[in-house]
Each structure stands twice: as structure tokens, then as C-alpha cells.
file upload_15.cif (mmCIF, C-alpha atoms)
data_run
loop_
_atom_site.label_atom_id
_atom_site.label_comp_id
_atom_site.auth_asym_id
_atom_site.auth_seq_id
_atom_site.Cartn_x
_atom_site.Cartn_y
_atom_site.Cartn_z
CA MET A 939 -49.81 -14.73 -6.39
CA ARG A 940 -47.97 -15.65 -9.59
CA LEU A 941 -48.04 -12.01 -10.72
CA LEU A 942 -46.63 -10.96 -7.35
CA SER A 943 -43.80 -13.48 -7.68
CA VAL A 944 -42.95 -12.28 -11.18
CA THR A 945 -42.96 -8.66 -10.00
CA LEU A 946 -40.68 -9.49 -7.06
CA PHE A 947 -38.30 -11.38 -9.36
CA LEU A 948 -38.09 -8.46 -11.80
CA THR A 949 -37.49 -6.02 -8.94
CA LEU A 950 -34.65 -8.09 -7.53
CA LEU A 951 -33.16 -8.51 -11.00
CA ALA A 952 -33.24 -4.74 -11.55
CA VAL A 953 -31.53 -4.11 -8.22
CA ALA A 954 -28.84 -6.68 -9.02
CA CYS A 955 -28.22 -5.15 -12.46
CA THR A 956 -28.02 -1.67 -10.97
CA ALA A 957 -25.50 -2.80 -8.33
CA LYS A 958 -23.45 -4.56 -10.99
CA ALA A 959 -23.43 -1.47 -13.16
CA ALA A 960 -22.52 0.88 -10.30
CA PRO A 961 -19.55 3.07 -11.27
CA LEU A 962 -16.17 2.32 -9.76
CA LEU A 963 -15.12 4.51 -6.87
CA ALA A 964 -13.39 7.63 -8.20
CA PRO A 965 -10.56 9.19 -6.20
CA GLN A 966 -9.93 12.91 -5.78
CA GLN A 967 -6.55 14.28 -6.86
CA VAL A 968 -4.81 16.45 -4.30
CA ASP A 969 -1.52 18.33 -4.61
CA ILE A 970 0.97 18.21 -1.76
CA PRO A 971 3.89 20.65 -1.38
CA ALA A 972 7.13 18.67 -1.12
CA ALA A 973 10.85 19.30 -1.01
CA ALA A 974 12.85 20.97 -3.82
CA SER A 975 9.80 22.77 -5.27
CA LEU A 976 8.17 19.45 -6.08
CA THR A 977 4.38 19.25 -6.12
CA LEU A 978 3.47 15.71 -5.12
CA HIS A 979 0.29 14.55 -6.84
CA ALA A 980 -1.77 12.09 -4.82
CA GLN A 981 -5.10 10.30 -5.13
CA LEU A 982 -7.46 10.49 -2.16
CA TYR A 983 -10.25 8.10 -1.22
CA LYS A 984 -12.26 9.49 1.67
CA PRO A 985 -15.39 8.24 3.46
CA ALA A 986 -18.50 10.38 3.38
CA GLY A 987 -18.78 12.86 6.22
CA GLU A 988 -16.54 15.35 7.96
CA GLY A 989 -14.35 12.97 10.00
CA PRO A 990 -11.87 13.03 11.49
CA PHE A 991 -10.98 9.69 9.86
CA PRO A 992 -8.09 7.34 10.51
CA THR A 993 -5.97 7.65 7.38
CA VAL A 994 -3.61 5.34 5.53
CA ILE A 995 -0.79 6.60 3.31
CA ALA A 996 -0.45 3.91 0.62
CA LEU A 997 2.79 3.50 -1.34
CA HIS A 998 2.77 1.98 -4.83
CA GLY A 999 5.34 -0.46 -6.17
CA CYS A 1000 7.92 0.04 -8.93
CA GLY A 1001 5.21 -0.22 -11.62
CA GLY A 1002 3.80 3.15 -10.57
CA LEU A 1003 0.45 4.25 -9.20
CA GLY A 1004 -1.75 4.58 -12.27
CA GLY A 1005 -2.36 2.80 -15.54
CA GLN A 1006 -2.60 4.14 -19.07
CA SER A 1007 -6.19 5.29 -18.67
CA GLU A 1008 -6.74 5.37 -14.90
CA PRO A 1009 -5.19 7.33 -12.02
CA VAL A 1010 -5.01 4.27 -9.74
CA GLN A 1011 -4.30 0.71 -10.83
CA PRO A 1012 -6.97 -1.86 -9.89
CA ARG A 1013 -4.67 -3.51 -7.34
CA TYR A 1014 -4.42 -0.32 -5.27
CA ARG A 1015 -8.03 0.70 -5.84
CA ASP A 1016 -9.05 -2.73 -4.55
CA TRP A 1017 -7.18 -2.12 -1.30
CA ALA A 1018 -8.51 1.44 -1.03
CA GLU A 1019 -12.05 0.12 -1.27
CA GLN A 1020 -11.29 -2.51 1.38
CA LEU A 1021 -9.93 0.14 3.73
CA LEU A 1022 -12.84 2.51 3.09
CA LYS A 1023 -15.17 -0.20 4.38
CA THR A 1024 -13.37 -0.02 7.73
CA GLY A 1025 -13.77 3.76 7.92
CA HIS A 1026 -10.29 4.73 6.74
CA ALA A 1027 -9.36 7.45 4.31
CA VAL A 1028 -6.63 6.37 1.89
CA LEU A 1029 -4.08 8.72 0.32
CA LEU A 1030 -1.83 7.42 -2.47
CA PRO A 1031 1.07 9.73 -3.38
CA ASP A 1032 2.44 9.24 -6.91
CA SER A 1033 6.21 9.25 -6.48
CA TYR A 1034 6.93 8.64 -10.17
CA GLY A 1035 4.24 10.51 -12.06
CA SER A 1036 4.80 13.61 -9.92
CA ARG A 1037 8.38 13.66 -11.22
CA GLU A 1038 7.25 12.85 -14.77
CA PHE A 1039 8.76 9.37 -14.64
CA GLY A 1040 7.16 6.17 -15.82
CA PRO A 1041 7.50 2.70 -14.23
CA GLN A 1042 10.87 2.10 -12.59
CA CYS A 1043 10.98 -1.70 -12.23
CA ARG A 1044 13.64 -2.31 -14.86
CA VAL A 1045 15.49 0.99 -14.66
CA LYS A 1046 19.13 0.23 -13.90
CA GLU A 1047 19.85 3.54 -12.17
CA ARG A 1048 16.73 4.65 -10.33
CA ARG A 1049 16.36 8.36 -9.74
CA VAL A 1050 13.63 7.86 -7.15
CA LEU A 1051 15.03 5.77 -4.31
CA ALA A 1052 12.97 4.07 -1.61
CA ARG A 1053 15.32 5.21 1.14
CA ARG A 1054 15.56 8.83 -0.03
CA GLU A 1055 12.95 10.42 -2.34
CA ARG A 1056 10.15 8.09 -1.34
CA VAL A 1057 10.75 8.63 2.37
CA ALA A 1058 10.69 12.38 1.68
CA ASP A 1059 7.36 11.87 -0.10
CA ILE A 1060 6.01 9.98 2.91
CA ASN A 1061 7.02 12.73 5.31
CA ALA A 1062 5.59 15.47 3.08
CA THR A 1063 2.33 13.56 2.83
CA ARG A 1064 2.12 13.13 6.58
CA GLN A 1065 2.84 16.83 7.13
CA TRP A 1066 0.01 17.70 4.72
CA LEU A 1067 -2.39 15.30 6.43
CA LEU A 1068 -1.69 16.84 9.82
CA GLN A 1069 -3.14 20.08 8.46
CA GLN A 1070 -6.38 18.51 7.19
CA PRO A 1071 -9.37 18.77 9.55
CA TRP A 1072 -10.86 15.51 8.22
CA ALA A 1073 -7.75 13.44 9.12
CA ALA A 1074 -7.31 12.03 12.64
CA ARG A 1075 -3.84 13.33 13.54
CA ASP A 1076 -3.02 10.43 15.87
CA ARG A 1077 -4.22 7.69 13.49
CA ILE A 1078 -2.10 8.08 10.36
CA SER A 1079 -0.65 4.75 9.22
CA LEU A 1080 1.47 3.45 6.34
CA ILE A 1081 0.98 0.59 3.90
CA GLY A 1082 3.19 -0.24 0.93
CA TRP A 1083 3.84 -2.88 -1.72
CA ALA A 1084 7.24 -4.03 -3.01
CA ASN A 1085 9.31 -0.86 -3.60
CA GLY A 1086 6.68 1.10 -1.67
CA ALA A 1087 7.01 -1.40 1.18
CA SER A 1088 10.77 -0.88 1.18
CA ALA A 1089 10.11 2.85 1.53
CA VAL A 1090 7.82 2.08 4.49
CA LEU A 1091 10.64 0.17 6.22
CA TRP A 1092 13.00 3.10 5.74
CA ALA A 1093 10.40 5.62 6.93
CA VAL A 1094 9.72 3.91 10.27
CA ARG A 1095 13.34 3.50 11.34
CA PRO A 1096 14.12 5.49 14.50
CA GLN A 1097 16.66 7.57 12.55
CA SER A 1098 13.96 8.73 10.10
CA LEU A 1099 11.73 10.46 12.65
CA SER A 1100 10.80 13.98 11.60
CA ARG A 1101 10.41 16.10 14.72
CA SER A 1102 8.44 18.74 12.80
CA ALA A 1103 5.57 16.36 12.05
CA GLU A 1104 4.15 15.10 15.33
CA PRO A 1105 2.37 12.90 16.24
CA ASP A 1106 4.14 9.91 14.72
CA PHE A 1107 2.65 7.22 12.50
CA ARG A 1108 0.22 4.93 14.26
CA SER A 1109 1.38 1.72 12.54
CA ALA A 1110 2.88 0.38 9.31
CA ILE A 1111 2.35 -2.58 6.96
CA ALA A 1112 4.82 -3.76 4.31
CA PHE A 1113 3.84 -6.24 1.59
CA TYR A 1114 6.84 -8.17 0.21
CA PRO A 1115 9.53 -5.47 0.57
CA ASP A 1116 13.09 -6.00 -0.60
CA CYS A 1117 14.72 -6.60 2.78
CA ARG A 1118 18.20 -7.46 1.49
CA VAL A 1119 19.69 -4.02 2.20
CA SER A 1120 17.91 -3.52 5.53
CA SER A 1121 18.99 -6.95 6.76
CA GLY A 1122 22.61 -5.81 6.89
CA LEU A 1123 21.92 -2.48 8.59
CA GLY A 1124 20.51 -3.51 11.94
CA TRP A 1125 16.99 -2.39 11.02
CA SER A 1126 14.45 -1.61 13.74
CA THR A 1127 11.20 0.29 13.88
CA ARG A 1128 9.73 2.95 16.13
CA VAL A 1129 6.08 2.06 15.33
CA PRO A 1130 4.23 -1.29 15.16
CA THR A 1131 5.22 -2.75 11.78
CA LEU A 1132 3.82 -5.84 10.05
CA LEU A 1133 5.64 -7.57 7.16
CA LEU A 1134 3.66 -9.87 4.85
CA ILE A 1135 5.46 -12.00 2.26
CA GLY A 1136 5.12 -15.33 0.45
CA ALA A 1137 7.49 -18.19 1.15
CA GLN A 1138 7.90 -18.68 -2.61
CA ASP A 1139 8.59 -15.02 -3.35
CA ASP A 1140 11.57 -15.06 -5.75
CA VAL A 1141 11.31 -11.34 -6.54
CA SER A 1142 11.86 -10.19 -2.96
CA SER A 1143 13.52 -12.34 -0.28
CA PRO A 1144 11.50 -13.95 2.52
CA ALA A 1145 14.73 -15.14 4.16
CA ALA A 1146 16.09 -11.59 4.33
CA CYS A 1147 12.77 -10.30 5.71
CA ARG A 1148 12.83 -12.97 8.42
CA GLN A 1149 16.35 -11.84 9.32
CA VAL A 1150 15.27 -8.21 9.46
CA VAL A 1151 12.36 -8.90 11.83
CA GLU A 1152 14.27 -11.36 14.02
CA GLY A 1153 17.04 -8.78 14.43
CA ALA A 1154 14.51 -6.07 15.26
CA ARG A 1155 12.95 -8.25 17.96
CA GLY A 1156 16.23 -8.05 19.81
CA ARG A 1157 15.86 -4.27 19.99
CA SER A 1158 12.10 -3.86 19.84
CA ALA A 1159 8.90 -5.87 20.11
CA LEU A 1160 7.19 -3.73 17.49
CA ALA A 1161 7.89 -5.79 14.34
CA GLN A 1162 6.06 -8.93 13.22
CA ILE A 1163 6.27 -11.02 10.07
CA VAL A 1164 3.86 -13.43 8.38
CA VAL A 1165 5.29 -15.75 5.71
CA TYR A 1166 2.60 -17.48 3.62
CA PRO A 1167 3.52 -21.03 2.54
CA GLY A 1168 3.30 -21.49 -1.22
CA ALA A 1169 2.57 -17.82 -1.97
CA ALA A 1170 4.54 -15.86 -4.55
CA HIS A 1171 5.11 -12.14 -5.13
CA ASP A 1172 1.92 -10.08 -5.56
CA PHE A 1173 -0.10 -12.77 -3.74
CA ASP A 1174 -2.68 -10.17 -2.62
CA ARG A 1175 -3.62 -9.04 -6.12
CA ALA A 1176 -7.01 -10.23 -7.33
CA ASN A 1177 -7.42 -12.62 -10.27
CA LEU A 1178 -3.75 -12.81 -11.26
CA PRO A 1179 -2.81 -16.32 -12.45
CA LEU A 1180 0.61 -17.45 -11.28
CA ARG A 1181 3.20 -16.90 -14.00
CA ALA A 1182 6.90 -16.44 -14.57
CA LEU A 1183 8.03 -12.94 -15.50
CA ALA A 1184 9.32 -12.50 -19.03
CA GLY A 1185 9.55 -9.84 -21.70
CA SER A 1186 10.50 -6.19 -21.28
CA ASP A 1187 7.50 -4.65 -19.50
CA ALA A 1188 8.94 -1.75 -17.47
CA ALA A 1189 6.03 -2.03 -15.02
CA LEU A 1190 7.10 -5.53 -13.91
CA PRO A 1191 10.21 -6.85 -12.13
CA GLU A 1192 12.86 -8.43 -14.34
CA ARG A 1193 12.62 -11.94 -12.95
CA GLY A 1194 10.69 -14.22 -10.64
CA HIS A 1195 7.05 -15.22 -10.39
CA ILE A 1196 3.90 -13.28 -9.56
CA GLY A 1197 0.38 -14.41 -8.90
CA THR A 1198 -2.64 -14.48 -6.60
CA ASP A 1199 -2.80 -16.82 -3.64
CA ALA A 1200 -6.46 -16.79 -2.58
CA ASP A 1201 -5.85 -17.99 0.98
CA ALA A 1202 -2.97 -15.58 1.60
CA ARG A 1203 -4.94 -12.72 0.05
CA LYS A 1204 -7.92 -13.34 2.32
CA ASP A 1205 -5.77 -13.74 5.42
CA SER A 1206 -3.79 -10.59 4.63
CA GLN A 1207 -7.01 -8.58 4.33
CA ARG A 1208 -8.02 -9.74 7.79
CA ARG A 1209 -4.59 -9.02 9.27
CA VAL A 1210 -4.41 -5.54 7.73
CA THR A 1211 -7.81 -4.67 9.20
CA GLU A 1212 -6.76 -5.91 12.64
CA TRP A 1213 -3.35 -4.21 12.52
CA LEU A 1214 -4.81 -0.83 11.62
CA ALA A 1215 -7.40 -1.14 14.38
CA ARG A 1216 -4.69 -1.35 17.07
#

call {"tool": "encode", "arguments": {"input": "upload_15.cif", "output": "C-alpha cells"}}
result
Amino acid sequence: MRLLSVTLFLTLLAVACTAKAAPLLAPQQVDIPAAASLTLHAQLYKPAGEGPFPTVIALHGCGGLGGQSEPVQPRYRDWAEQLLKTGHAVLLPDSYGSREFGPQCRVKERRVLARRERVADINATRQWLLQQPWAARDRISLIGWANGASAVLWAVRPQSLSRSAEPDFRSAIAFYPDCRVSSGLGWSTRVPTLLLIGAQDDVSSPAACRQVVEGARGRSALAQIVVYPGAAHDFDRANLPLRALAGSDAALPERGHIGTDADARKDSQRRVTEWLAR
């Protein structure tokens, strides 16, 4: 009996060590034809099988998509893995690297604008997905963070609809976008759109995002906002201690605070899953 117990213990330990040592999920790079002879490089996470799969186009923030030694930063890979568990494919276009630019957080005159180049990237990515047999044409959604979230808000405005790429997006999710421009433009959305932001976000503006959504409710019932009490910018990132921004890191905003909020992170994961299942 004792020998059996020892054998069982060693077996379980081996399984645990194997699981712990399992390699991180590796994305597949795909190239997407875009406007002005641009080839848009993107990273694809796809479930096993032939599909068709509901697919999420995920838009990185001003720090860019990849790190120095990895094609996708852990924060975006974390979300891709979460979405894969719900049966979604995830496609992350690299708006900066495809144009041979680095991080754009502290660039005074950005050459890749959320409302222009990044919306064009979104539309090119959707057009490419509509031609893929593994992608469910009527279940393509958007998710974005910070600058990528601002691009999402521009892409879902009624004026931004591309008639050549039907059907339309299924839904959209924007994590802490900069709503200050949209708040003065009478923003509205043509698809169900969820905004998620922390009440203590001093990089973006929760007050402006509230104004954007409240204004949209007068024209449409498609927009909703969740403001997390006590949460700062980047609240959904894992294992990021709250800190004030300082220094000259081009991959970080110039000012404000960033950091994980465990409760907001967990709740946002649940809400994203529910929103995409609509």
C-alpha cells in the first residue's frame, strides 16, 4: 500500500512538472494586404480544427504588439489564451511593426493615427478574415486597449462602415480608450460596444468615456460602459504592481498610473466572455 502511495505521488508530481513546463502558446504570423502597398503583419491564435470559428481582431496599445524577443507581449498573449478557451480565434495586426515603427506612446507627432491608419488596418484585417474558410463571417468582433481601443471606437462609428466588407462586426470591446476627442463629436456606434475603464484612470479619462456613452444612448442603445472603482490604467494586466509613470520609456504613456486591479481584471474577463457570446 505504501509503495502504491509513493508511486501515485511520483506520477502526480511528474504530471504537474510537465504541465508547468509546457511551452507557451505560439502564434502564427500571417500577412494581410492593406492600403498603399502596405503588407500588414499579424499574429494569429487559432483553435484546433477546421472551424468556422468566431474571431476577434485585437488591437494593441501605443506600446506596440511585440516585445524585444517575442512577437506578442504577455498582456495580449494572456487575453488570446483566455479567448481561445471560449472557442475564439484571435488575430492581432501589428500597426507599428508593419510600418517599421517602434512604440508610439511618447511620440509627439504620431504617423499612425487611431482614427485613420489604424481604422484602415482594422478594415483590411476584416476583409482578409472574410476570405478565410476557418473564420465565421458573421461572428467577427473587435477588442482593443488604450490607443487600440480608441481605434475600435472610430471603427464602429456609423460613418466608418465599409460597404465592401459585409457582414459587419458582431460586437466591440474597448479597454480604457482616450475618449476626449470622441466626446466632442457626437459619437455613436452601429454595433454593440462595451467600454471598460477604471475610475482612477489618469492616463485616459473615465469622465469623457461616460460622456461618450451617455451621448450615444440618446441615439442608440448599443453602447455600455463599466467604470471600476479604484482601478487605474492597465487594470487588466496580470501581476503589474500599481506605480506612477516616470522615465523615458517610449512603450509607456508619459504620465499617470498603471497597475493591476485583481477584482476588475476578473470581472472584465467575465464580461468580455459574455459580450462576445451575444

call {"tool": "resolve_selection", "arguments": {"input": "upload_15.cif", "expression": "the PyMOL selection byres ((chain A and resi 1113-1119) around 10)", "output": "PDB file with C-alpha atoms, in the coordinates of the input"}}
result
ATOM      1  CA  GLY A 999       5.340  -0.460  -6.170  1.00  0.00           C
ATOM      2  CA  ILE A1081       0.980   0.590   3.900  1.00  0.00           C
ATOM      3  CA  GLY A1082       3.190  -0.240   0.930  1.00  0.00           C
ATOM      4  CA  TRP A1083       3.840  -2.880  -1.720  1.00  0.00           C
ATOM      5  CA  ALA A1084       7.240  -4.030  -3.010  1.00  0.00           C
ATOM      6  CA  ASN A1085       9.310  -0.860  -3.600  1.00  0.00           C
ATOM      7  CA  GLY A1086       6.680   1.100  -1.670  1.00  0.00           C
ATOM      8  CA  ALA A1087       7.010  -1.400   1.180  1.00  0.00           C
ATOM      9  CA  SER A1088      10.770  -0.880   1.180  1.00  0.00           C
ATOM     10  CA  ALA A1089      10.110   2.850   1.530  1.00  0.00           C
ATOM     11  CA  VAL A1090       7.820   2.080   4.490  1.00  0.00           C
ATOM     12  CA  LEU A1091      10.640   0.170   6.220  1.00  0.00           C
ATOM     13  CA  ILE A1111       2.350  -2.580   6.960  1.00  0.00           C
ATOM     14  CA  ALA A1112       4.820  -3.760   4.310  1.00  0.00           C
ATOM     15  CA  SER A1120      17.910  -3.520   5.530  1.00  0.00           C
ATOM     16  CA  SER A1121      18.990  -6.950   6.760  1.00  0.00           C
ATOM     17  CA  GLY A1122      22.610  -5.810   6.890  1.00  0.00           C
ATOM     18  CA  LEU A1123      21.920  -2.480   8.590  1.00  0.00           C
ATOM     19  CA  GLY A1124      20.510  -3.510  11.940  1.00  0.00           C
ATOM     20  CA  TRP A1125      16.990  -2.390  11.020  1.00  0.00           C
ATOM     21  CA  LEU A1132       3.820  -5.840  10.050  1.00  0.00           C
ATOM     22  CA  LEU A1133       5.640  -7.570   7.160  1.00  0.00           C
ATOM     23  CA  LEU A1134       3.660  -9.870   4.850  1.00  0.00           C
ATOM     24  CA  ILE A1135       5.460 -12.000   2.260  1.00  0.00           C
ATOM     25  CA  GLY A1136       5.120 -15.330   0.450  1.00  0.00           C
ATOM     26  CA  ASP A1139       8.590 -15.020  -3.350  1.00  0.00           C
ATOM     27  CA  VAL A1141      11.310 -11.340  -6.540  1.00  0.00           C
ATOM     28  CA  SER A1142      11.860 -10.190  -2.960  1.00  0.00           C
ATOM     29  CA  SER A1143      13.520 -12.340  -0.280  1.00  0.00           C
ATOM     30  CA  PRO A1144      11.500 -13.950   2.520  1.00  0.00           C
ATOM     31  CA  ALA A1145      14.730 -15.140   4.160  1.00  0.00           C
ATOM     32  CA  ALA A1146      16.090 -11.590   4.330  1.00  0.00           C
ATOM     33  CA  CYS A1147      12.770 -10.300   5.710  1.00  0.00           C
ATOM     34  CA  ARG A1148      12.830 -12.970   8.420  1.00  0.00           C
ATOM     35  CA  GLN A1149      16.350 -11.840   9.320  1.00  0.00           C
ATOM     36  CA  VAL A1150      15.270  -8.210   9.460  1.00  0.00           C
ATOM     37  CA  VAL A1151      12.360  -8.900  11.830  1.00  0.00           C
ATOM     38  CA  VAL A1164       3.860 -13.430   8.380  1.00  0.00           C
ATOM     39  CA  VAL A1165       5.290 -15.750   5.710  1.00  0.00           C
ATOM     40  CA  ALA A1170       4.540 -15.860  -4.550  1.00  0.00           C
ATOM     41  CA  HIS A1171       5.110 -12.140  -5.130  1.00  0.00           C
ATOM     42  CA  ASP A1172       1.920 -10.080  -5.560  1.00  0.00           C
ATOM     43  CA  PHE A1173      -0.100 -12.770  -3.740  1.00  0.00           C
ATOM     44  CA  ASP A1174      -2.680 -10.170  -2.620  1.00  0.00           C
ATOM     45  CA  SER A1206      -3.790 -10.590   4.630  1.00  0.00           C
TER      46      SER A1206
END

call {"tool": "atom_distance", "arguments": {"input": "upload_15.cif", "atom1": "CA of Pro990 (chain A)", "atom2": "CA of Arg1216 (chain A)"}}
result
17.0 Å

call {"tool": "closest_residue", "arguments": {"input": "upload_15.cif", "among": "A:Val1057, A:Val994, A:Val1045, A:Ala1062", "to": "His1026 (chain A)", "atoms": "all atoms listed in the file"}}
result
A:Val994

call {"tool": "axis_aligned_box", "arguments": {"input": "upload_15.cif", "around": "region 1076-1084 of chain A", "padding_each_side": "8 Å", "output": "JSON"}}
result
{"center_x": 1.5, "center_y": 3.2, "center_z": 6.4, "size_x": 27.5, "size_y": 30.5, "size_z": 34.9}

call {"tool": "closest_residue", "arguments": {"input": "upload_15.cif", "among": "A:Pro1041, A:Ile1196, A:Asp1076, A:Pro1130", "to": "Gln1006 (chain A)", "atoms": "all atoms listed in the file"}}
result
A:Pro1041

call {"tool": "closest_residue", "arguments": {"input": "upload_15.cif", "among": "A:Ala1154, A:Ile1163, A:Ala1027, A:Leu1099", "to": "Ala1137 (chain A)", "atoms": "all atoms listed in the file"}}
result
A:Ile1163

call {"tool": "residues_around", "arguments": {"input": "upload_15.cif", "residues": "Gly1002 (chain A)", "least_positions_apart": "5", "cutoff": "8 Å", "atoms": "all atoms listed in the file", "output": "list in words"}}
result
Asp1032, Ser1033, Tyr1034, Gly1035, Gly1040, Pro1041, Gln1042 and Ala1189 of chain A

call {"tool": "atom_distance", "arguments": {"input": "upload_15.cif", "atom1": "CA of Pro1105 (chain A)", "atom2": "CA of Ile970 (chain A)"}}
result
18.8 Å

call {"tool": "residues_near_point", "arguments": {"input": "upload_15.cif", "point": "(-9.6, 1.1, 1.4)", "cutoff": "10 Å", "atoms": "only C-alpha atoms", "output": "NGL selection string"}}
result
:A and (983-985 or 993-994 or 996 or 1014-1029 or 1211)

call {"tool": "atom_distance", "arguments": {"input": "upload_15.cif", "atom1": "CA of Tyr1166 (chain A)", "atom2": "CA of Ala1202 (chain A)"}}
result
6.2 Å

call {"tool": "closest_residue", "arguments": {"input": "upload_15.cif", "among": "A:Leu1180, A:Ala1169, A:Leu1214, A:Leu1030", "to": "His1195 (chain A)", "atoms": "only C-alpha atoms"}}
result
A:Leu1180

call {"tool": "closest_residue", "arguments": {"input": "upload_15.cif", "among": "A:Arg1049, A:Arg1056, A:Arg1175, A:Arg1037", "to": "Lys1204 (chain A)", "atoms": "only C-alpha atoms"}}
result
A:Arg1175

call {"tool": "resolve_selection", "arguments": {"input": "upload_15.cif", "expression": "the PyMOL selection byres ((chain A and resi 1075) around 12)", "output": "PyMOL selection string"}}
result
chain A and resi 989-994+1064-1074+1076-1079+1103-1108

call {"tool": "resolve_selection", "arguments": {"input": "upload_15.cif", "expression": "the PyMOL selection byres ((chain A and resi 1128) around 8)", "output": "JSON, numbers by chain"}}
result
{"A": [1094, 1095, 1096, 1126, 1127, 1129, 1130, 1160]}

call {"tool": "closest_residue", "arguments": {"input": "upload_15.cif", "among": "A:Arg1044, A:Ala980, A:Glu988, A:Gln966", "to": "Leu1190 (chain A)", "atoms": "only C-alpha atoms"}}
result
A:Arg1044
